[in-house]
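Structure below is coords.json: JSON, N, CA and C atoms.
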```
[["chain", "number", "residue", "atom", "x", "y", "z"],
["A", 265, "MET", "N", 162.04, 31.37, 55.33],
["A", 265, "MET", "CA", 161.96, 32.21, 56.51],
["A", 265, "MET", "C", 161.60, 31.35, 57.71],
["A", 266, "ASP", "N", 162.23, 31.65, 58.82],
["A", 266, "ASP", "CA", 161.95, 30.95, 60.08],
["A", 266, "ASP", "C", 160.47, 31.10, 60.43],
["A", 267, "PRO", "N", 159.77, 29.99, 60.73],
["A", 267, "PRO", "CA", 158.33, 30.07, 61.03],
["A", 267, "PRO", "C", 158.00, 31.00, 62.20],
["A", 268, "ALA", "N", 158.86, 31.04, 63.22],
["A", 268, "ALA", "CA", 158.60, 31.92, 64.37],
["A", 268, "ALA", "C", 158.68, 33.39, 63.96],
["A", 269, "LEU", "N", 159.64, 33.72, 63.12],
["A", 269, "LEU", "CA", 159.78, 35.09, 62.64],
["A", 269, "LEU", "C", 158.59, 35.45, 61.75],
["A", 270, "LYS", "N", 158.19, 34.55, 60.88],
["A", 270, "LYS", "CA", 157.04, 34.80, 60.01],
["A", 270, "LYS", "C", 155.79, 35.05, 60.86],
["A", 271, "GLN", "N", 155.62, 34.29, 61.92],
["A", 271, "GLN", "CA", 154.46, 34.46, 62.80],
["A", 271, "GLN", "C", 154.51, 35.81, 63.51],
["A", 272, "ARG", "N", 155.70, 36.21, 63.96],
["A", 272, "ARG", "CA", 155.85, 37.54, 64.60],
["A", 272, "ARG", "C", 155.45, 38.64, 63.65],
["A", 273, "ILE", "N", 155.91, 38.55, 62.40],
["A", 273, "ILE", "CA", 155.60, 39.57, 61.40],
["A", 273, "ILE", "C", 154.11, 39.59, 61.11],
["A", 274, "GLU", "N", 153.51, 38.41, 60.92],
["A", 274, "GLU", "CA", 152.07, 38.34, 60.64],
["A", 274, "GLU", "C", 151.24, 38.90, 61.79],
["A", 275, "THR", "N", 151.68, 38.65, 63.00],
["A", 275, "THR", "CA", 150.98, 39.20, 64.17],
["A", 275, "THR", "C", 151.05, 40.73, 64.15],
["A", 276, "LEU", "N", 152.21, 41.28, 63.84],
["A", 276, "LEU", "CA", 152.36, 42.73, 63.75],
["A", 276, "LEU", "C", 151.51, 43.31, 62.62],
["A", 277, "VAL", "N", 151.61, 42.72, 61.45],
["A", 277, "VAL", "CA", 150.91, 43.21, 60.27],
["A", 277, "VAL", "C", 149.40, 43.27, 60.49],
["A", 278, "THR", "N", 148.88, 42.31, 61.23],
["A", 278, "THR", "CA", 147.43, 42.25, 61.42],
["A", 278, "THR", "C", 146.97, 42.89, 62.73],
["A", 279, "SER", "N", 147.89, 43.51, 63.46],
["A", 279, "SER", "CA", 147.54, 44.10, 64.75],
["A", 279, "SER", "C", 146.80, 45.43, 64.62],
["A", 280, "SER", "N", 146.84, 46.03, 63.44],
["A", 280, "SER", "CA", 146.16, 47.30, 63.19],
["A", 280, "SER", "C", 145.75, 47.32, 61.72],
["A", 281, "PRO", "N", 144.61, 47.93, 61.41],
["A", 281, "PRO", "CA", 144.19, 47.97, 59.99],
["A", 281, "PRO", "C", 145.25, 48.62, 59.08],
["A", 282, "VAL", "N", 145.94, 49.63, 59.59],
["A", 282, "VAL", "CA", 147.05, 50.25, 58.85],
["A", 282, "VAL", "C", 148.29, 50.10, 59.72],
["A", 283, "PHE", "N", 149.30, 49.40, 59.19],
["A", 283, "PHE", "CA", 150.51, 49.14, 59.95],
["A", 283, "PHE", "C", 151.72, 49.49, 59.11],
["A", 284, "VAL", "N", 152.70, 50.16, 59.74],
["A", 284, "VAL", "CA", 153.89, 50.62, 59.04],
["A", 284, "VAL", "C", 155.14, 50.10, 59.72],
["A", 285, "PHE", "N", 155.99, 49.43, 58.95],
["A", 285, "PHE", "CA", 157.34, 49.10, 59.39],
["A", 285, "PHE", "C", 158.21, 50.24, 58.91],
["A", 286, "MET", "N", 158.89, 50.89, 59.85],
["A", 286, "MET", "CA", 159.64, 52.10, 59.51],
["A", 286, "MET", "C", 160.88, 52.23, 60.39],
["A", 287, "LYS", "N", 161.71, 53.19, 60.03],
["A", 287, "LYS", "CA", 162.87, 53.53, 60.86],
["A", 287, "LYS", "C", 162.43, 54.65, 61.79],
["A", 288, "GLY", "N", 162.42, 54.34, 63.08],
["A", 288, "GLY", "CA", 161.95, 55.30, 64.07],
["A", 288, "GLY", "C", 160.48, 55.04, 64.38],
["A", 289, "SER", "N", 159.83, 56.08, 64.90],
["A", 289, "SER", "CA", 158.41, 55.97, 65.28],
["A", 289, "SER", "C", 157.64, 57.08, 64.58],
["A", 290, "LYS", "N", 156.30, 57.01, 64.67],
["A", 290, "LYS", "CA", 155.51, 58.06, 64.03],
["A", 290, "LYS", "C", 155.74, 59.41, 64.71],
["A", 291, "LEU", "N", 156.17, 59.40, 65.95],
["A", 291, "LEU", "CA", 156.48, 60.66, 66.64],
["A", 291, "LEU", "C", 157.89, 61.15, 66.34],
["A", 292, "MET", "N", 158.77, 60.22, 65.96],
["A", 292, "MET", "CA", 160.15, 60.59, 65.65],
["A", 292, "MET", "C", 160.73, 59.69, 64.55],
["A", 293, "PRO", "N", 160.32, 59.94, 63.29],
["A", 293, "PRO", "CA", 160.87, 59.15, 62.18],
["A", 293, "PRO", "C", 162.39, 59.34, 62.10],
["A", 294, "GLN", "N", 163.10, 58.27, 61.75],
["A", 294, "GLN", "CA", 164.56, 58.31, 61.72],
["A", 294, "GLN", "C", 165.14, 58.35, 60.31],
["A", 295, "CYS", "N", 164.28, 58.50, 59.28],
["A", 295, "CYS", "CA", 164.77, 58.71, 57.93],
["A", 295, "CYS", "C", 163.72, 59.47, 57.14],
["A", 296, "GLY", "N", 164.14, 60.08, 56.06],
["A", 296, "GLY", "CA", 163.24, 60.90, 55.26],
["A", 296, "GLY", "C", 162.09, 60.12, 54.65],
["A", 297, "PHE", "N", 162.35, 58.89, 54.23],
["A", 297, "PHE", "CA", 161.30, 58.09, 53.61],
["A", 297, "PHE", "C", 160.23, 57.72, 54.64],
["A", 298, "SER", "N", 160.67, 57.35, 55.83],
["A", 298, "SER", "CA", 159.71, 57.05, 56.90],
["A", 298, "SER", "C", 158.92, 58.30, 57.26],
["A", 299, "ASN", "N", 159.59, 59.44, 57.29],
["A", 299, "ASN", "CA", 158.91, 60.70, 57.59],
["A", 299, "ASN", "C", 157.85, 61.00, 56.52],
["A", 300, "ASN", "N", 158.15, 60.73, 55.26],
["A", 300, "ASN", "CA", 157.19, 60.95, 54.18],
["A", 300, "ASN", "C", 155.91, 60.15, 54.42],
["A", 301, "VAL", "N", 156.06, 58.89, 54.79],
["A", 301, "VAL", "CA", 154.90, 58.03, 55.03],
["A", 301, "VAL", "C", 154.08, 58.56, 56.21],
["A", 302, "VAL", "N", 154.76, 58.96, 57.28],
["A", 302, "VAL", "CA", 154.07, 59.51, 58.45],
["A", 302, "VAL", "C", 153.30, 60.77, 58.06],
["A", 303, "GLN", "N", 153.91, 61.64, 57.27],
["A", 303, "GLN", "CA", 153.25, 62.89, 56.86],
["A", 303, "GLN", "C", 152.01, 62.60, 56.01],
["A", 304, "VAL", "N", 152.11, 61.64, 55.09],
["A", 304, "VAL", "CA", 150.98, 61.29, 54.23],
["A", 304, "VAL", "C", 149.83, 60.72, 55.07],
["A", 305, "LEU", "N", 150.14, 59.77, 55.93],
["A", 305, "LEU", "CA", 149.08, 59.15, 56.75],
["A", 305, "LEU", "C", 148.47, 60.16, 57.72],
["A", 306, "ASN", "N", 149.30, 61.02, 58.29],
["A", 306, "ASN", "CA", 148.77, 62.07, 59.18],
["A", 306, "ASN", "C", 147.88, 63.03, 58.41],
["A", 307, "ALA", "N", 148.26, 63.38, 57.19],
["A", 307, "ALA", "CA", 147.46, 64.30, 56.38],
["A", 307, "ALA", "C", 146.08, 63.70, 56.07],
["A", 308, "LEU", "N", 146.02, 62.38, 55.94],
["A", 308, "LEU", "CA", 144.74, 61.72, 55.68],
["A", 308, "LEU", "C", 143.91, 61.55, 56.96],
["A", 309, "GLY", "N", 144.58, 61.70, 58.12],
["A", 309, "GLY", "CA", 143.88, 61.54, 59.39],
["A", 309, "GLY", "C", 143.51, 60.10, 59.69],
["A", 310, "ILE", "N", 144.27, 59.19, 59.15],
["A", 310, "ILE", "CA", 143.98, 57.76, 59.33],
["A", 310, "ILE", "C", 144.80, 57.22, 60.50],
["A", 311, "PRO", "N", 144.16, 56.53, 61.44],
["A", 311, "PRO", "CA", 144.91, 55.94, 62.54],
["A", 311, "PRO", "C", 145.78, 54.79, 62.03],
["A", 312, "TYR", "N", 146.97, 54.69, 62.57],
["A", 312, "TYR", "CA", 147.90, 53.62, 62.16],
["A", 312, "TYR", "C", 148.86, 53.33, 63.29],
["A", 313, "GLU", "N", 149.46, 52.16, 63.22],
["A", 313, "GLU", "CA", 150.48, 51.76, 64.19],
["A", 313, "GLU", "C", 151.78, 51.54, 63.44],
["A", 314, "THR", "N", 152.90, 51.60, 64.18],
["A", 314, "THR", "CA", 154.21, 51.44, 63.56],
["A", 314, "THR", "C", 155.08, 50.48, 64.35],
["A", 315, "PHE", "N", 156.11, 50.00, 63.68],
["A", 315, "PHE", "CA", 157.15, 49.20, 64.32],
["A", 315, "PHE", "C", 158.48, 49.76, 63.87],
["A", 316, "ASP", "N", 159.37, 50.05, 64.82],
["A", 316, "ASP", "CA", 160.69, 50.59, 64.53],
["A", 316, "ASP", "C", 161.64, 49.44, 64.21],
["A", 317, "VAL", "N", 161.98, 49.29, 62.93],
["A", 317, "VAL", "CA", 162.85, 48.18, 62.52],
["A", 317, "VAL", "C", 164.28, 48.36, 63.05],
["A", 318, "LEU", "N", 164.64, 49.58, 63.45],
["A", 318, "LEU", "CA", 165.98, 49.79, 64.00],
["A", 318, "LEU", "C", 166.12, 49.11, 65.36],
["A", 319, "SER", "N", 164.99, 48.81, 65.99],
["A", 319, "SER", "CA", 165.02, 48.19, 67.32],
["A", 319, "SER", "C", 165.15, 46.66, 67.25],
["A", 320, "ASP", "N", 165.03, 46.09, 66.05],
["A", 320, "ASP", "CA", 165.01, 44.63, 65.93],
["A", 320, "ASP", "C", 165.58, 44.21, 64.56],
["A", 321, "PRO", "N", 166.87, 43.86, 64.52],
["A", 321, "PRO", "CA", 167.50, 43.48, 63.25],
["A", 321, "PRO", "C", 166.82, 42.28, 62.56],
["A", 322, "GLU", "N", 166.28, 41.38, 63.34],
["A", 322, "GLU", "CA", 165.62, 40.20, 62.76],
["A", 322, "GLU", "C", 164.37, 40.63, 61.97],
["A", 323, "ILE", "N", 163.58, 41.51, 62.55],
["A", 323, "ILE", "CA", 162.40, 42.04, 61.85],
["A", 323, "ILE", "C", 162.83, 42.92, 60.68],
["A", 324, "ARG", "N", 163.88, 43.70, 60.87],
["A", 324, "ARG", "CA", 164.35, 44.62, 59.81],
["A", 324, "ARG", "C", 164.65, 43.85, 58.53],
["A", 325, "GLN", "N", 165.31, 42.71, 58.63],
["A", 325, "GLN", "CA", 165.59, 41.91, 57.45],
["A", 325, "GLN", "C", 164.39, 41.05, 57.08],
["A", 326, "GLY", "N", 163.72, 40.52, 58.09],
["A", 326, "GLY", "CA", 162.61, 39.61, 57.85],
["A", 326, "GLY", "C", 161.47, 40.24, 57.09],
["A", 327, "ILE", "N", 161.18, 41.50, 57.35],
["A", 327, "ILE", "CA", 160.05, 42.14, 56.67],
["A", 327, "ILE", "C", 160.36, 42.33, 55.19],
["A", 328, "LYS", "N", 161.62, 42.52, 54.86],
["A", 328, "LYS", "CA", 162.01, 42.63, 53.44],
["A", 328, "LYS", "C", 161.76, 41.31, 52.72],
["A", 329, "ASP", "N", 162.08, 40.22, 53.39],
["A", 329, "ASP", "CA", 161.84, 38.88, 52.81],
["A", 329, "ASP", "C", 160.35, 38.58, 52.76],
["A", 330, "TYR", "N", 159.64, 38.93, 53.81],
["A", 330, "TYR", "CA", 158.21, 38.65, 53.93],
["A", 330, "TYR", "C", 157.43, 39.28, 52.77],
["A", 331, "ALA", "N", 157.72, 40.54, 52.48],
["A", 331, "ALA", "CA", 156.99, 41.27, 51.43],
["A", 331, "ALA", "C", 157.66, 41.14, 50.07],
["A", 332, "ASN", "N", 158.85, 40.57, 50.05],
["A", 332, "ASN", "CA", 159.64, 40.55, 48.82],
["A", 332, "ASN", "C", 159.80, 41.98, 48.29],
["A", 333, "TRP", "N", 160.11, 42.89, 49.23],
["A", 333, "TRP", "CA", 160.27, 44.32, 48.95],
["A", 333, "TRP", "C", 161.54, 44.76, 49.65],
["A", 334, "PRO", "N", 162.51, 45.33, 48.93],
["A", 334, "PRO", "CA", 163.84, 45.54, 49.50],
["A", 334, "PRO", "C", 164.01, 46.73, 50.42],
["A", 335, "THR", "N", 163.00, 47.61, 50.51],
["A", 335, "THR", "CA", 163.22, 48.84, 51.27],
["A", 335, "THR", "C", 162.21, 49.02, 52.39],
["A", 336, "ILE", "N", 162.57, 49.91, 53.29],
["A", 336, "ILE", "CA", 161.72, 50.30, 54.41],
["A", 336, "ILE", "C", 161.59, 51.81, 54.30],
["A", 337, "PRO", "N", 160.42, 52.36, 54.49],
["A", 337, "PRO", "CA", 159.24, 51.83, 55.17],
["A", 337, "PRO", "C", 158.40, 50.92, 54.26],
["A", 338, "GLN", "N", 157.56, 50.13, 54.94],
["A", 338, "GLN", "CA", 156.57, 49.29, 54.27],
["A", 338, "GLN", "C", 155.23, 49.52, 54.95],
["A", 339, "VAL", "N", 154.21, 49.75, 54.14],
["A", 339, "VAL", "CA", 152.87, 50.03, 54.66],
["A", 339, "VAL", "C", 151.96, 48.86, 54.33],
["A", 340, "TYR", "N", 151.22, 48.41, 55.33],
["A", 340, "TYR", "CA", 150.26, 47.31, 55.18],
["A", 340, "TYR", "C", 148.86, 47.84, 55.47],
["A", 341, "LEU", "N", 147.91, 47.41, 54.65],
["A", 341, "LEU", "CA", 146.51, 47.77, 54.81],
["A", 341, "LEU", "C", 145.70, 46.49, 54.93],
["A", 342, "LYS", "N", 145.08, 46.31, 56.09],
["A", 342, "LYS", "CA", 144.30, 45.10, 56.37],
["A", 342, "LYS", "C", 145.11, 43.83, 56.12],
["A", 343, "GLY", "N", 146.39, 43.87, 56.52],
["A", 343, "GLY", "CA", 147.26, 42.70, 56.42],
["A", 343, "GLY", "C", 147.93, 42.50, 55.08],
["A", 344, "GLU", "N", 147.62, 43.36, 54.11],
["A", 344, "GLU", "CA", 148.20, 43.23, 52.77],
["A", 344, "GLU", "C", 149.21, 44.35, 52.53],
["A", 345, "PHE", "N", 150.33, 43.99, 51.90],
["A", 345, "PHE", "CA", 151.36, 44.98, 51.59],
["A", 345, "PHE", "C", 150.81, 45.99, 50.59],
["A", 346, "LEU", "N", 150.91, 47.27, 50.93],
["A", 346, "LEU", "CA", 150.42, 48.34, 50.06],
["A", 346, "LEU", "C", 151.55, 48.97, 49.27],
["A", 347, "GLY", "N", 152.68, 49.23, 49.93],
["A", 347, "GLY", "CA", 153.81, 49.83, 49.24],
["A", 347, "GLY", "C", 154.73, 50.55, 50.20],
["A", 348, "GLY", "N", 155.71, 51.21, 49.60],
["A", 348, "GLY", "CA", 156.67, 51.98, 50.36],
["A", 348, "GLY", "C", 156.41, 53.47, 50.19],
["A", 349, "SER", "N", 157.39, 54.26, 50.50],
["A", 349, "SER", "CA", 157.26, 55.71, 50.49],
["A", 349, "SER", "C", 156.84, 56.26, 49.14],
["A", 350, "ASP", "N", 157.54, 55.88, 48.07],
["A", 350, "ASP", "CA", 157.25, 56.43, 46.74],
["A", 350, "ASP", "C", 155.85, 56.07, 46.28],
["A", 351, "ILE", "N", 155.44, 54.83, 46.52],
["A", 351, "ILE", "CA", 154.11, 54.38, 46.11],
["A", 351, "ILE", "C", 153.04, 55.14, 46.88],
["A", 352, "LEU", "N", 153.25, 55.31, 48.19],
["A", 352, "LEU", "CA", 152.26, 56.03, 48.99],
["A", 352, "LEU", "C", 152.13, 57.49, 48.54],
["A", 353, "ILE", "N", 153.25, 58.13, 48.25],
["A", 353, "ILE", "CA", 153.21, 59.53, 47.80],
["A", 353, "ILE", "C", 152.47, 59.63, 46.46],
["A", 354, "GLU", "N", 152.77, 58.71, 45.55],
["A", 354, "GLU", "CA", 152.11, 58.70, 44.25],
["A", 354, "GLU", "C", 150.59, 58.50, 44.41],
["A", 355, "MET", "N", 150.22, 57.53, 45.25],
["A", 355, "MET", "CA", 148.80, 57.27, 45.49],
["A", 355, "MET", "C", 148.12, 58.45, 46.17],
["A", 356, "TYR", "N", 148.82, 59.09, 47.10],
["A", 356, "TYR", "CA", 148.28, 60.25, 47.80],
["A", 356, "TYR", "C", 148.02, 61.40, 46.82],
["A", 357, "ASN", "N", 149.02, 61.69, 45.99],
["A", 357, "ASN", "CA", 148.91, 62.80, 45.05],
["A", 357, "ASN", "C", 147.79, 62.60, 44.03],
["A", 358, "SER", "N", 147.51, 61.34, 43.67],
["A", 358, "SER", "CA", 146.46, 61.06, 42.69],
["A", 358, "SER", "C", 145.07, 60.96, 43.34],
["A", 359, "GLY", "N", 145.03, 60.92, 44.67],
["A", 359, "GLY", "CA", 143.76, 60.75, 45.37],
["A", 359, "GLY", "C", 143.40, 59.29, 45.60],
["A", 360, "GLU", "N", 144.18, 58.39, 45.01],
["A", 360, "GLU", "CA", 143.90, 56.96, 45.11],
["A", 360, "GLU", "C", 144.09, 56.43, 46.54],
["A", 361, "LEU", "N", 145.04, 57.00, 47.27],
["A", 361, "LEU", "CA", 145.31, 56.49, 48.62],
["A", 361, "LEU", "C", 144.12, 56.72, 49.54],
["A", 362, "ARG", "N", 143.56, 57.92, 49.52],
["A", 362, "ARG", "CA", 142.40, 58.21, 50.37],
["A", 362, "ARG", "C", 141.25, 57.26, 50.05],
["A", 363, "GLU", "N", 140.98, 57.07, 48.77],
["A", 363, "GLU", "CA", 139.90, 56.19, 48.33],
["A", 363, "GLU", "C", 140.16, 54.74, 48.76],
["A", 364, "THR", "N", 141.38, 54.27, 48.53],
["A", 364, "THR", "CA", 141.74, 52.89, 48.90],
["A", 364, "THR", "C", 141.60, 52.68, 50.40],
["A", 365, "MET", "N", 142.08, 53.62, 51.18],
["A", 365, "MET", "CA", 141.99, 53.51, 52.64],
["A", 365, "MET", "C", 140.54, 53.54, 53.11],
["A", 366, "GLU", "N", 139.77, 54.49, 52.58],
["A", 366, "GLU", "CA", 138.37, 54.60, 53.02],
["A", 366, "GLU", "C", 137.58, 53.34, 52.72],
["A", 367, "VAL", "N", 137.76, 52.77, 51.53],
["A", 367, "VAL", "CA", 137.06, 51.55, 51.15],
["A", 367, "VAL", "C", 137.48, 50.39, 52.05],
["A", 368, "ALA", "N", 138.79, 50.22, 52.24],
["A", 368, "ALA", "CA", 139.31, 49.10, 53.04],
["A", 368, "ALA", "C", 138.89, 49.23, 54.49],
["A", 369, "LEU", "N", 138.94, 50.42, 55.03],
["A", 369, "LEU", "CA", 138.66, 50.60, 56.45],
["A", 369, "LEU", "C", 137.16, 50.60, 56.75],
["A", 370, "ALA", "N", 136.35, 50.79, 55.73],
["A", 370, "ALA", "CA", 134.89, 50.76, 55.92],
["A", 370, "ALA", "C", 134.36, 49.32, 55.94],
["A", 371, "SER", "N", 135.15, 48.41, 55.38],
["A", 371, "SER", "CA", 134.66, 47.01, 55.29],
["A", 371, "SER", "C", 135.03, 46.20, 56.51]]
```
Is it possible to express this structure as C-alpha cells?
Amino acid sequence: MDPALKQRIETLVTSSPVFVFMKGSKLMPQCGFSNNVVQVLNALGIPYETFDVLSDPEIRQGIKDYANWPTIPQVYLKGEFLGGSDILIEMYNSGELRETMEVALAS
C-alpha cells in the first residue's frame, strides 16, 4: 500500500474513538449494510464519525487492503478494526457490543 494512502487512512481511523468507513453518511446511508451499522451505533447512543467511501475511490479500495477485509462498512474502535455490518449486529444482539464499547471508551 502507498505510504501516503496508509497515513491518510490511519489519520482517519484515529480521528475519533469510533470511526466508520461507509457508503454515504450517518445522516444518509447509501446502502443497507451501512444503514444497519448507523442504526446499531445510534441505538447505543455512542458518538462516532464516518467517512463516505463513495466520495474517494482511493480510500474505498485502500481501506479494504488496510483491514484485510473485503467489504464496507468497516467499524474501528480506538484505531482497531472491529468488524462490518454482520459482526456489529451479532455483537449488538448478544450485548457484547455495548460492553466492548463501554470498556474501550472508558479507558
Non-local contacts of Val277 (chain A) (6.5 Å; all atoms listed in the file; under 6 positions in same chain excluded) as a PDB file with N, CA and C atoms, keeping the file's coordinate frame:
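Written output follows (around11.pdb):
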```pdb
ATOM      1  N   PHE A 283     149.300  49.400  59.190  1.00  0.00           N
ATOM      2  CA  PHE A 283     150.510  49.140  59.950  1.00  0.00           C
ATOM      3  C   PHE A 283     151.720  49.490  59.110  1.00  0.00           C
ATOM      4  N   LYS A 342     145.080  46.310  56.090  1.00  0.00           N
ATOM      5  CA  LYS A 342     144.300  45.100  56.370  1.00  0.00           C
ATOM      6  C   LYS A 342     145.110  43.830  56.120  1.00  0.00           C
ATOM      7  N   GLY A 343     146.390  43.870  56.520  1.00  0.00           N
ATOM      8  CA  GLY A 343     147.260  42.700  56.420  1.00  0.00           C
ATOM      9  C   GLY A 343     147.930  42.500  55.080  1.00  0.00           C
TER      10      GLY A 343
END
```
Point-to-point distance from atom N of Glu313 (chain A) to CA of Gln271 (chain A), Å rounded to tenths: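 These atoms are spaced 18.4 Å apart.
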d(CA of Thr364 (chain A), atom C of Ser279 (chain A)) in Å: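 According to the coordinates, CA of Thr364 (chain A) and atom C of Ser279 (chain A) are separated by 18.1 Å.
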Within 7 Å of Gln338 (chain A) using only C-alpha atoms, minus same-chain residues under 3 positions, as a compact mmCIF listing (two decimals) with N, CA and C atoms, in the coordinates of the input:
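So selection_8.txt came out as:
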```txt
# COMPACT_ATOMS: atom_id res chain seq x y z
N VAL A 284 152.70 50.16 59.74
CA VAL A 284 153.89 50.62 59.04
C VAL A 284 155.14 50.10 59.72
N PHE A 285 155.99 49.43 58.95
CA PHE A 285 157.34 49.10 59.39
C PHE A 285 158.21 50.24 58.91
N MET A 286 158.89 50.89 59.85
CA MET A 286 159.64 52.10 59.51
C MET A 286 160.88 52.23 60.39
N GLY A 347 152.68 49.23 49.93
CA GLY A 347 153.81 49.83 49.24
C GLY A 347 154.73 50.55 50.20
N GLY A 348 155.71 51.21 49.60
CA GLY A 348 156.67 51.98 50.36
C GLY A 348 156.41 53.47 50.19
```
Every residue of chain A that DSSP places in strand (DSSP E or B), as JSON, numbers by chain: {"A": [282, 283, 284, 285, 286, 288, 293, 313, 314, 315, 316, 338, 339, 340, 341, 344, 345, 346, 347]}
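Restricting the calculation to only C-alpha atoms, the smallest distance between Val367 (chain A) and any of A:Lys270, A:Leu341, A:Tyr312, A:Val317 is found for A:Leu341.
We find CA of Gly359 (chain A) and CA of Leu308 (chain A) to be spaced 10.4 Å apart.
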